[in-house]
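I have placed the structure first, in the form of structure tokens, so that the comments after it can refer back to it.
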Amino acid sequence: MRGFTLSDFETMLWAVQWTATLVIIALALGGPLGLLMAMMRTSRNPVLNGIALVILQIVQGVPLLGMLMFFYFGVPVFLGIKVPALISVSIAFTVFAAAFLGEIWRGGIQAVHTNQSEAAACLGLTRWQSFRHVIAPQAFRIALPATVGFLVQLIKNTSLASVVGFVELARAGQLASAATFAPLTSYACVSAIYFAICFPLTQWSRSLEKKLHVVR
Amino acid sequence: MSFVDIKNVRKSFANVEVLKGVTINVEKGEIVTIIGRSGSGKSTLLRCINGLESIDDGEIRINGEVVHDKATDLRRLREKVGIVFQQFNLFPHMTVEQNITLAPTLTKRVAKGEAARKLAHEVLSRVGLEQKIDAYPEQLSGGQQQRVAIARCLAMGPELMLFDEVTSALDPELVGEVLKVMEDLARQGMTMILVTHEMNFARNVASKIVFMHAGKVHEQGAPAALFANPATPELRNFISSTH
Ligand SMILES: Nc1ncnc2c1ncn2[C@@H]1O[C@H](COP(=O)(O)OP(=O)(O)OP(=O)(O)O)[C@@H](O)[C@H]1O
Ligand SMILES: [Mg+2]
């Protein structure tokens, strides 16, 4: 047995890169997919709309932990292949981010008054041009605070990846705790690191929200 | 055939028939003013003219082109038919210049950059707002915003302009500046169809007045004659209610 030392803390800080990796992958892949979901959900095509709605309801109805298990344990068995933890965990978080960002952005798109797309149509813009230049920029502004808020949720939720043995910040804390028998110190450090990352983002989201209210 | 040929147009929302066979002819350079009570279908008619609303029966032709024909390219048509709304509908995240040049540059009528800015400057001078070219809509008064909306329309080089109660959302002291811009346009020979509650403007500027009542053209004619001798009690009531 050994005591909790600074090097344990450093190991945790080192593990933050894997938390960050998960977040970045989830945003980089889930973001565009979320945009696609938002566009499908606001499209006039009932088929596209329906498909997006079904996907959304499945993702919203299943706990994130369940999805992680599904992609880590379930899918590889089903396909008969071995999938690295990083891949299966990334898929789960990508799906998660796509669904929730999609809903946030759908709300933003729908909050832009129909007058705006009508004005764009009257000027001879195509539906895509109207979305790209008129609707999306306004929707983005409206949805920015909620998007940053979701980012905070995403960062905290990556801790669930520890359940399937993926070593990110929370899992590093577990390992340190097991090695040092200092759970209180270990988990206090983990929490402090999460807080140090998320608190500024939460504040940013708050200030964005205030700014938006002033403008509207 | 007239420049704008509206023939027997019918339009229902759900089960309510809002336009019950409307026929109006507008010649090139004419200023046609549509008046009538709230709910008589004036806005709906304007929206049908530029294809924002579908129609159930009848036909609308602009310069011979059938608006509600499947083969008609509505986007191209709308470049020739401008519409200005009561609520301005400027794009709040863009400057005045961007508001004006967005459509002309996207539709490749003008190149981005110098040429676009020149176009913005030119149409803004027609509404007396050159100095506001870099302002955002929220920095402008209602009257100025509405003039920018008119300039944005002009930048498309329209052959026909539709105005739907464009002064109704304005503070009374700002109405005049917008009406003046419209008068100038009229004098320059723009073909215009406008819905308005400004009876003096209708009287002085319009070449023809159309009184709509319950989804139909109830009476129409030259302003002087129509206001002096309304033929129907409905128009008589309407005129006296606006004084
Ligand atoms: N999109 C719509 N769906 C259902 N009903 C509608 C729609 N648009 C208009 N109507 C109805 O059609 C009728 C005519 O509306 P319209 O806006 O054309 O009247 P208007 O003459 O412009 O009135 P106002 O002077 O108040 O602007 C009204 O009874 C209105 O409620
Ligand atoms: Mg109206």
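Going through the structure tokens in order, the chains are called A, B, and so on, while each chain numbers its residues from 1 and the ligands are numbered from 1 in the order shown.
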
Please report as a PyMOL selection string which residues of chain B come no farther than 12 Å from chain A, using only C-alpha atoms. chain B and resi 46-53+73-94+98-109+138-139+149-158+161-162

Sorted by chain and rising residue number, which residues of chain B lie within 7 Å of ligand 1, and what are their closest atom pairs and distances in Å to one decimal, counting only C-alpha atoms and all ligand atoms, as a tab-separated table?
residue	atom	partner	partner_atom_place_in_ligand_line	distance
B:Phe13	CA	ligand 1	4 (C)	4.8
B:Ala14	CA	ligand 1	4 (C)	6.8
B:Val18	CA	ligand 1	12 (O)	5.2
B:Gly36	CA	ligand 1	21 (O)	6.5
B:Arg37	CA	ligand 1	25 (O)	5.7
B:Ser38	CA	ligand 1	25 (O)	3.4
B:Gly39	CA	ligand 1	19 (O)	3.5
B:Ser40	CA	ligand 1	21 (O)	4.0
B:Gly41	CA	ligand 1	18 (O)	3.2
B:Lys42	CA	ligand 1	21 (O)	3.8
B:Ser43	CA	ligand 1	22 (O)	3.6
B:Thr44	CA	ligand 1	18 (O)	3.7
B:Leu45	CA	ligand 1	18 (O)	6.4

Quick one: residues within 6 Å of stretch 85-93 of chain A, only C-alpha atoms counted, chain neighbours fewer than 3 positions away excluded, as a list in words? Ala26, Met67, Leu68, Phe71, Tyr72, Phe96 and Ala97 of chain A

Excluding same-chain residues fewer than 5 positions from A:Gly107, what lies within 10 Å of it counting only C-alpha atoms, as a ChimeraX atom specification? /A:38,41-42,101-102,112,139,142-143,146

Per-residue DSSP, stretch 148-195 of chain B, filtered to helix (DSSP H, G or I), as a list in words: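 Taking stretch 148-195 of chain B and keeping helix (DSSP H, G or I) gives Val148, Ala149, Ile150, Ala151, Arg152, Cys153, Leu154, Pro172, Glu173, Leu174, Val175, Gly176, Glu177, Val178, Leu179, Lys180, Val181, Met182, Glu183, Asp184, Leu185, Ala186 and Arg187 of chain B.
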
Can you pull out every residue within 10 Å of A:Met39, counting only C-alpha atoms, but drop anything in the same chain fewer than 6 positions away, and send it as a ChimeraX atom specification? /A:33,48-49,52,102,105-106,109,131

Residues within 6 Å of B:Arg61, only C-alpha atoms, excluding chain neighbours under 2 positions, as a PDB file with N, CA and C atoms, in the first residue's frame:
ATOM      1  N   VAL B   4     -50.926  42.590 -64.926  1.00  0.00           N
ATOM      2  CA  VAL B   4     -51.331  41.637 -63.893  1.00  0.00           C
ATOM      3  C   VAL B   4     -52.791  41.308 -64.139  1.00  0.00           C
ATOM      4  N   ASP B   5     -53.044  40.022 -64.316  1.00  0.00           N
ATOM      5  CA  ASP B   5     -54.375  39.584 -64.709  1.00  0.00           C
ATOM      6  C   ASP B   5     -54.874  38.578 -63.674  1.00  0.00           C
ATOM      7  N   GLY B  64     -48.170  37.770 -68.452  1.00  0.00           N
ATOM      8  CA  GLY B  64     -48.495  36.589 -69.240  1.00  0.00           C
ATOM      9  C   GLY B  64     -48.149  35.273 -68.577  1.00  0.00           C
ATOM     10  N   GLU B  65     -47.296  35.313 -67.543  1.00  0.00           N
ATOM     11  CA  GLU B  65     -46.860  34.078 -66.922  1.00  0.00           C
ATOM     12  C   GLU B  65     -47.843  33.654 -65.819  1.00  0.00           C
ATOM     13  N   VAL B  66     -48.269  32.394 -65.869  1.00  0.00           N
ATOM     14  CA  VAL B  66     -49.239  31.905 -64.893  1.00  0.00           C
ATOM     15  C   VAL B  66     -48.517  31.597 -63.577  1.00  0.00           C
ATOM     16  N   VAL B  67     -48.860  32.345 -62.514  1.00  0.00           N
ATOM     17  CA  VAL B  67     -48.127  32.231 -61.245  1.00  0.00           C
ATOM     18  C   VAL B  67     -48.214  30.823 -60.668  1.00  0.00           C
TER      19      VAL B  67
END

Residue list (strand (DSSP E), DSSP) for stretch 26-158 of chain B, as a list of chain:residue names: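 Of stretch 26-158 of chain B, the ones in strand (DSSP E) are B:Val26, B:Ile31, B:Val32, B:Thr33, B:Ile34, B:Ile35, B:Gly36, B:Asp57, B:Gly58, B:Glu59, B:Ile60, B:Arg61, B:Ile62, B:Glu65, B:Val66, B:Val81, B:Gly82, B:Ile83, B:Val84.
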